[in-house]
Amino acid sequence: MSISKIHARQIFDSRGNPTVEVDIYTEKGRFRASVPSGASTGIHEAVELRDGDKNAYVGKGVLKAVANVNETIAPALIKSGLKVTQQKEIDDFLIKLDGTPNKGKLGANAILGVSIAVADAAASEKGVPLYQHLAELAGVKPPYVLPTPAFNVINGGSHAGNKLAFQEFMLLPTGAASFTEAIKIGTETYHTLKKVISAKYGIDAVNVGDEGGFAPNVSGADESLELLTEAIKKAGYEGKIKIALDVASSEFYKDGKYDLDFKNPNSDPTKWISGVELADIYIGYIKKYPIVSIEDPFDQDDWEAWSHFTAKAGIQIVGDDLTVTNPLRIKTAIEKKACNGLLLKVNQIGTISESIQAAQLAQSDGWGVMISHRSGETENTLIADLVVALGTGQIKTGAPARSERVAKYNALLRIEEELAGNSSYAGEKGLSAGTTAPVLLQK
């Protein structure tokens, strides 16, 4: 079915910053998509087009991207006569219309809004749920796998005003029997952690960050890991919950060294450490705590440190700023054996088709794939459908708090209910470990 109308507008994300929303109309009705936005963004990401007018929305308006949809993409795509079911052709058409390697002309935010809305319209056209349509696009056959959620419950780094250098400390309920049980374990542990933090640091320490996690005034990673361990134990889930970290270390990489005191303007350069020294700190944590995944342990261009650590760690090492969901960066990481996990963020690359391609490329080398939200989110739940469609078994979309996060978890609860016994829960099967590919890939 062809598209009769495309209309974009500026709306707001969960941080109060402007973002792009796109409506696509076919004979079946109106299909709406909105686009997320990151805070700690990799320098190699596709371009998020912002207006840069300091007198409006602190320079963060997206009216140029909106105009690019309404004035350039809409007439061209409608004229092309492409059907909404032709996702790959439409995405290729948008890439060609933009004509730059990083979507810098029209904006990845403009292009992605259209790409997601097209997928939604196509699912309706076929009369199937969005996850089924996306699975068919990716060539993934049922039975479907519900993902293990990675709940970001303690925040540091660029997301928080404490001294903590590492950005995210996550809980993964790998020992659950279903996604529904995983949410139960996650929420109960989250509420227990709230009590633990409140008792130790006071009531203001449980205010939540951009992704619903807590940002207590801890001195460092050790203290955060101890808090998680205590909460897991008190909630009664020892052995059922594993821990993951997102270090986002590009944020504190300076002159070839890592500064774990980077939020202190008078940080002492003699205390900055090398990649090898940082790797040794991680290895110590892996031995002491049930850590199964570490994301962005090193700077996005410190390839040597990545390769050294991935060979030694024996767990899942995830590239985010390193790989930015970009097939070219993923190929380099495969060649250098730099990591064994991909963080997939649709807005880093800018179309549904390229996101699927990125996941499949990573999986071809035995990597784990974790589908991810951004810190600036909307109520759009595409990533819930995408993770079920691709069957990667891992999703991170914040703490079980704040509606723009919980919307994704709720969407997954509905999908599990709809599949009524015709799905399985990933548990640890989506995680890679050293040179061992995820069990889900060993079918």
# chains A, B, ... in the order shown; residues from 1 in each chain; ligands from 1
>>> residues_around(residues="A:Asp92", least_positions_apart="3", cutoff="12 Å", atoms="only C-alpha atoms", output="PyMOL selection string")
chain A and resi 77+82+86-89+95-99+103+111+115+350-354
>>> select_by_dssp(residues="stretch 104-325 of chain A", states="strand (DSSP E)", output="PyMOL selection string")
chain A and resi 144-146+148-149+151-155+168-172+242-246+253-254+257-258+291-295+316-319
>>> closest_residue(among="A:Glu238, A:Glu223, A:Glu71, A:Asp120", to="A:Pro173", atoms="only C-alpha atoms")
A:Glu238
>>> closest_residue(among="A:Pro269, A:Gly284, A:Gly42, A:Gly239", to="A:Ala221", atoms="only C-alpha atoms")
A:Gly284
>>> atom_distance(atom1="atom CA of A:Gly104", atom2="atom CA of A:Tyr57")
20.6 Å
>>> atom_distance(atom1="atom CA of A:Asn410", atom2="atom CA of A:Gln442")
29.0 Å
>>> residues_around(residues="stretch 371-377 of chain A", least_positions_apart="4", cutoff="10 Å", atoms="only C-alpha atoms", output="PyMOL selection string")
chain A and resi 12-19+34-41+147+149-150+159+209-212+320+342-348+355+359+381-384+386-388+390+392-398+403-405+408
>>> write_last_selection(atoms="N, CA and C atoms", output="short mmCIF file (atom, residue, chain, number, x, y, z; two decimals), in the first residue's frame")
data_model
loop_
_atom_site.label_atom_id
_atom_site.label_comp_id
_atom_site.auth_asym_id
_atom_site.auth_seq_id
_atom_site.Cartn_x
_atom_site.Cartn_y
_atom_site.Cartn_z
N PHE A 12 8.71 16.72 22.32
CA PHE A 12 9.76 16.77 23.35
C PHE A 12 10.07 15.39 23.90
N ASP A 13 11.36 15.19 24.20
CA ASP A 13 11.76 13.90 24.77
C ASP A 13 11.69 13.95 26.29
N SER A 14 12.13 12.87 26.93
CA SER A 14 12.01 12.73 28.38
C SER A 14 12.89 13.70 29.16
N ARG A 15 13.79 14.39 28.47
CA ARG A 15 14.64 15.38 29.15
C ARG A 15 14.17 16.81 28.88
N GLY A 16 13.04 16.92 28.16
CA GLY A 16 12.54 18.27 27.84
C GLY A 16 13.26 18.90 26.67
N ASN A 17 13.94 18.07 25.86
CA ASN A 17 14.59 18.58 24.64
C ASN A 17 13.74 18.24 23.42
N PRO A 18 13.78 19.11 22.41
CA PRO A 18 13.00 18.84 21.20
C PRO A 18 13.48 17.56 20.50
N THR A 19 12.54 16.86 19.87
CA THR A 19 12.87 15.73 19.02
C THR A 19 11.83 15.65 17.90
N SER A 34 8.38 8.38 16.89
CA SER A 34 9.20 9.47 17.41
C SER A 34 10.61 8.95 17.67
N VAL A 35 11.54 9.87 17.74
CA VAL A 35 12.96 9.54 17.71
C VAL A 35 13.65 9.89 19.03
N PRO A 36 14.49 8.98 19.57
CA PRO A 36 15.19 9.27 20.83
C PRO A 36 16.48 10.07 20.61
N SER A 37 17.16 10.41 21.70
CA SER A 37 18.38 11.22 21.61
C SER A 37 19.32 10.90 22.77
N GLY A 38 20.60 10.72 22.47
CA GLY A 38 21.56 10.34 23.51
C GLY A 38 22.27 11.53 24.15
N ALA A 39 22.84 11.29 25.36
CA ALA A 39 23.65 12.33 26.04
C ALA A 39 25.13 12.05 25.82
N SER A 40 25.56 10.82 26.16
CA SER A 40 26.96 10.47 25.90
C SER A 40 27.00 9.84 24.52
N THR A 41 27.23 10.67 23.50
CA THR A 41 27.15 10.19 22.13
C THR A 41 28.55 9.93 21.59
N PRO A 147 13.53 -11.06 25.72
CA PRO A 147 14.88 -10.71 26.16
C PRO A 147 15.04 -10.64 27.68
N PRO A 149 16.09 -8.33 30.50
CA PRO A 149 16.24 -6.88 30.65
C PRO A 149 17.49 -6.53 31.46
N ALA A 150 18.16 -5.45 31.08
CA ALA A 150 19.29 -4.93 31.86
C ALA A 150 18.82 -3.61 32.48
N HIS A 159 25.74 11.01 33.28
CA HIS A 159 24.30 10.99 33.60
C HIS A 159 24.01 11.44 35.04
N GLY A 209 17.68 9.57 38.13
CA GLY A 209 18.35 10.19 36.99
C GLY A 209 17.54 10.06 35.71
N ASP A 210 18.16 10.43 34.59
CA ASP A 210 17.48 10.44 33.28
C ASP A 210 16.88 9.08 32.90
N GLU A 211 17.48 8.00 33.41
CA GLU A 211 17.00 6.68 33.02
C GLU A 211 16.34 5.93 34.18
N GLY A 212 15.98 6.69 35.24
CA GLY A 212 15.24 6.09 36.35
C GLY A 212 16.10 5.46 37.43
N ASP A 320 29.76 0.22 22.15
CA ASP A 320 28.69 1.20 21.90
C ASP A 320 29.29 2.41 21.19
N LEU A 342 27.55 -6.23 20.74
CA LEU A 342 27.14 -4.98 20.08
C LEU A 342 25.99 -4.35 20.85
N LEU A 343 26.11 -3.04 21.11
CA LEU A 343 24.96 -2.31 21.60
C LEU A 343 24.28 -1.73 20.37
N LEU A 344 23.01 -2.08 20.19
CA LEU A 344 22.31 -1.62 18.99
C LEU A 344 21.35 -0.49 19.34
N LYS A 345 21.65 0.70 18.81
CA LYS A 345 20.78 1.87 19.00
C LYS A 345 20.36 2.34 17.62
N VAL A 346 19.06 2.26 17.33
CA VAL A 346 18.61 2.57 15.97
C VAL A 346 18.98 4.01 15.56
N ASN A 347 19.04 4.93 16.52
CA ASN A 347 19.32 6.31 16.09
C ASN A 347 20.80 6.58 15.86
N GLN A 348 21.66 5.61 16.20
CA GLN A 348 23.09 5.79 15.89
C GLN A 348 23.34 5.59 14.40
N SER A 355 19.90 -1.11 10.93
CA SER A 355 19.95 -1.66 12.29
C SER A 355 19.93 -3.19 12.23
N ALA A 359 23.04 -5.79 13.39
CA ALA A 359 22.85 -6.91 14.30
C ALA A 359 23.34 -8.21 13.66
N THR A 381 7.74 2.56 21.44
CA THR A 381 8.20 1.26 21.95
C THR A 381 8.79 0.35 20.87
N LEU A 382 9.24 0.93 19.78
CA LEU A 382 9.83 0.13 18.68
C LEU A 382 10.86 -0.88 19.18
N ILE A 383 11.74 -0.47 20.12
CA ILE A 383 12.84 -1.37 20.50
C ILE A 383 12.35 -2.65 21.19
N ALA A 384 11.17 -2.60 21.80
CA ALA A 384 10.59 -3.81 22.40
C ALA A 384 10.27 -4.81 21.28
N LEU A 386 11.58 -4.78 18.26
CA LEU A 386 12.82 -5.10 17.55
C LEU A 386 13.62 -6.21 18.25
N VAL A 387 13.68 -6.16 19.58
CA VAL A 387 14.48 -7.17 20.30
C VAL A 387 13.82 -8.55 20.19
N VAL A 388 12.50 -8.59 20.19
CA VAL A 388 11.80 -9.87 20.01
C VAL A 388 11.98 -10.35 18.57
N LEU A 390 14.45 -9.74 16.43
CA LEU A 390 15.81 -10.20 16.13
C LEU A 390 16.24 -11.37 17.00
N THR A 392 17.64 -11.48 19.91
CA THR A 392 19.00 -11.36 20.47
C THR A 392 19.05 -11.65 21.97
N GLY A 393 17.89 -11.57 22.64
CA GLY A 393 17.84 -11.97 24.05
C GLY A 393 18.36 -10.97 25.06
N GLN A 394 18.62 -9.71 24.63
CA GLN A 394 19.10 -8.70 25.57
C GLN A 394 18.51 -7.33 25.23
N ILE A 395 17.98 -6.64 26.25
CA ILE A 395 17.53 -5.26 26.04
C ILE A 395 17.92 -4.43 27.25
N LYS A 396 18.36 -3.21 26.99
CA LYS A 396 18.51 -2.28 28.12
C LYS A 396 17.69 -1.05 27.81
N THR A 397 16.79 -0.74 28.72
CA THR A 397 15.96 0.44 28.54
C THR A 397 15.62 1.08 29.88
N GLY A 398 16.68 1.17 30.72
CA GLY A 398 16.57 1.92 31.97
C GLY A 398 16.08 1.11 33.16
N SER A 403 7.96 6.60 32.94
CA SER A 403 7.10 5.97 31.92
C SER A 403 7.75 5.75 30.57
N GLU A 404 8.69 6.63 30.17
CA GLU A 404 9.32 6.43 28.86
C GLU A 404 10.22 5.19 28.87
N ARG A 405 10.64 4.74 30.04
CA ARG A 405 11.42 3.48 30.16
C ARG A 405 10.45 2.30 30.29
N LYS A 408 8.54 0.45 27.43
CA LYS A 408 9.18 -0.64 26.67
C LYS A 408 8.98 -1.98 27.39
#
>>> residues_around(residues="stretch 309-315 of chain A", least_positions_apart="2", cutoff="8 Å", atoms="only C-alpha atoms", output="ChimeraX atom specification")
/A:276,279,283,286,291-294,305-307,317,337-340,432-435
>>> closest_residue(among="A:Ala165, A:Leu431, A:Leu171, A:Ala8", to="A:Glu251", atoms="only C-alpha atoms")
A:Ala165
>>> closest_residue(among="A:Leu137, A:Leu441, A:Ile330, A:Val20", to="A:Ile349", atoms="only C-alpha atoms")
A:Ile330
>>> residues_around(residues="stretch 227-230 of chain A", least_positions_apart="4", cutoff="9 Å", atoms="only C-alpha atoms", output="PyMOL selection string")
chain A and resi 153-154+169-171+189+193+196-197+222-223+234-235+238+243+289
>>> write_last_selection(atoms="N, CA, C and O atoms", output="CSV table (one decimal), in the first residue's frame")
chain,number,residue,atom,x,y,z
A,153,VAL,N,20.2,0.7,37.4
A,153,VAL,CA,19.7,1.2,38.7
A,153,VAL,C,20.6,2.1,39.5
A,153,VAL,O,20.1,2.8,40.3
A,154,ILE,N,21.9,2.1,39.1
A,154,ILE,CA,22.8,3.1,39.7
A,154,ILE,C,23.5,3.9,38.6
A,154,ILE,O,24.1,3.3,37.7
A,169,PHE,N,25.3,1.0,36.3
A,169,PHE,CA,25.4,-0.3,37.0
A,169,PHE,C,24.0,-1.0,36.8
A,169,PHE,O,23.0,-0.4,37.2
A,170,MET,N,24.0,-2.1,36.1
A,170,MET,CA,22.7,-2.8,35.8
A,170,MET,C,22.5,-4.1,36.4
A,170,MET,O,23.5,-4.9,36.7
A,171,LEU,N,21.2,-4.4,36.6
A,171,LEU,CA,20.8,-5.7,37.1
A,171,LEU,C,20.2,-6.5,36.0
A,171,LEU,O,19.3,-6.0,35.3
A,189,THR,N,13.9,-5.8,43.4
A,189,THR,CA,15.3,-5.5,43.8
A,189,THR,C,15.5,-4.0,43.7
A,189,THR,O,16.2,-3.4,44.5
A,193,LEU,N,16.8,-1.8,46.7
A,193,LEU,CA,17.9,-0.9,46.6
A,193,LEU,C,17.6,0.5,47.0
A,193,LEU,O,18.5,1.1,47.7
A,196,VAL,N,17.9,0.5,50.7
A,196,VAL,CA,19.3,0.4,51.1
A,196,VAL,C,20.1,1.7,51.0
A,196,VAL,O,20.8,2.2,51.9
A,197,ILE,N,19.8,2.4,49.8
A,197,ILE,CA,20.5,3.7,49.5
A,197,ILE,C,20.0,4.8,50.5
A,197,ILE,O,20.8,5.5,51.0
A,222,ASP,N,33.5,0.4,43.5
A,222,ASP,CA,33.4,-0.6,44.5
A,222,ASP,C,32.2,-0.5,45.4
A,222,ASP,O,31.4,-1.4,45.7
A,223,GLU,N,32.0,0.8,45.8
A,223,GLU,CA,30.8,1.1,46.7
A,223,GLU,C,29.5,0.8,46.0
A,223,GLU,O,28.6,0.2,46.6
A,234,LYS,N,19.2,-8.9,50.0
A,234,LYS,CA,18.0,-8.5,50.8
A,234,LYS,C,16.7,-8.8,50.1
A,234,LYS,O,15.7,-9.2,50.7
A,235,ALA,N,16.7,-8.7,48.7
A,235,ALA,CA,15.5,-9.0,48.0
A,235,ALA,C,15.3,-10.5,47.8
A,235,ALA,O,14.2,-10.9,47.4
A,238,GLU,N,19.8,-13.8,45.3
A,238,GLU,CA,21.2,-14.2,45.1
A,238,GLU,C,21.2,-15.3,44.1
A,238,GLU,O,20.5,-16.3,44.2
A,243,ILE,N,25.2,-8.9,37.1
A,243,ILE,CA,25.5,-7.5,37.0
A,243,ILE,C,26.1,-7.1,35.7
A,243,ILE,O,26.9,-7.9,35.2
A,289,TYR,N,32.6,-10.0,41.8
A,289,TYR,CA,31.2,-9.8,41.6
A,289,TYR,C,30.6,-10.6,40.4
A,289,TYR,O,31.4,-10.9,39.5
>>> select_by_dssp(residues="stretch 40-255 of chain A", states="helix (DSSP H, G or I)", output="VMD selection string")
chain A and resid 57 to 59 63 to 80 87 to 98 108 to 126 130 to 138 157 to 159 179 to 201 203 to 206 221 to 235 249 to 252
>>> closest_atom_pairs(of="stretch 160-186 of chain A", to="stretch 417-428 of chain A", cutoff="7 Å", atoms="only C-alpha atoms", output="Markdown table")
| residue | atom | partner | partner_atom | distance |
| --- | --- | --- | --- | --- |
| A:Thr174 | CA | A:Gly427 | CA | 4.1 |
| A:Gly175 | CA | A:Gly427 | CA | 6.1 |
| A:Ala176 | CA | A:Gly427 | CA | 6.7 |
| A:Ala177 | CA | A:Tyr425 | CA | 6.5 |
| A:Ser178 | CA | A:Tyr425 | CA | 5.0 |
| A:Phe179 | CA | A:Tyr425 | CA | 6.0 |
>>> write_last_selection(atoms="all heavy atoms", output="CSV table (one decimal), in the first residue's frame")
chain,number,residue,atom,x,y,z
A,174,THR,N,18.8,-13.0,35.1
A,174,THR,CA,19.1,-14.1,34.2
A,174,THR,C,18.4,-15.4,34.8
A,174,THR,O,18.1,-16.3,34.0
A,174,THR,CB,20.6,-14.4,34.1
A,174,THR,OG1,21.2,-14.5,35.4
A,174,THR,CG2,21.2,-13.3,33.3
A,175,GLY,N,18.2,-15.5,36.1
A,175,GLY,CA,17.6,-16.7,36.6
A,175,GLY,C,16.1,-16.8,36.6
A,175,GLY,O,15.5,-17.7,37.1
A,176,ALA,N,15.4,-15.8,36.0
A,176,ALA,CA,14.0,-15.8,35.9
A,176,ALA,C,13.5,-16.9,34.9
A,176,ALA,O,14.3,-17.3,34.0
A,176,ALA,CB,13.5,-14.5,35.4
A,177,ALA,N,12.3,-17.3,35.0
A,177,ALA,CA,11.8,-18.4,34.1
A,177,ALA,C,11.0,-17.7,32.9
A,177,ALA,O,10.8,-18.4,31.9
A,177,ALA,CB,10.8,-19.3,34.8
A,178,SER,N,10.7,-16.5,33.0
A,178,SER,CA,9.9,-15.8,32.0
A,178,SER,C,10.2,-14.3,32.0
A,178,SER,O,10.8,-13.8,33.0
A,178,SER,CB,8.4,-16.0,32.2
A,178,SER,OG,8.0,-15.3,33.4
A,179,PHE,N,9.8,-13.5,31.0
A,179,PHE,CA,10.1,-12.1,31.1
A,179,PHE,C,9.2,-11.5,32.2
A,179,PHE,O,9.7,-10.6,32.9
A,179,PHE,CB,9.7,-11.5,29.7
A,179,PHE,CG,10.0,-10.0,29.7
A,179,PHE,CD1,11.3,-9.5,29.5
A,179,PHE,CD2,8.9,-9.0,29.9
A,179,PHE,CE1,11.5,-8.1,29.6
A,179,PHE,CE2,9.2,-7.7,30.0
A,179,PHE,CZ,10.5,-7.2,29.8
>>> closest_residue(among="A:Ala231, A:Ala411, A:Ile43, A:Val145", to="A:Lys429", atoms="only C-alpha atoms")
A:Val145
>>> closest_residue(among="A:Leu94, A:Leu49, A:Val84, A:Leu146", to="A:Ser4", atoms="only C-alpha atoms")
A:Val84
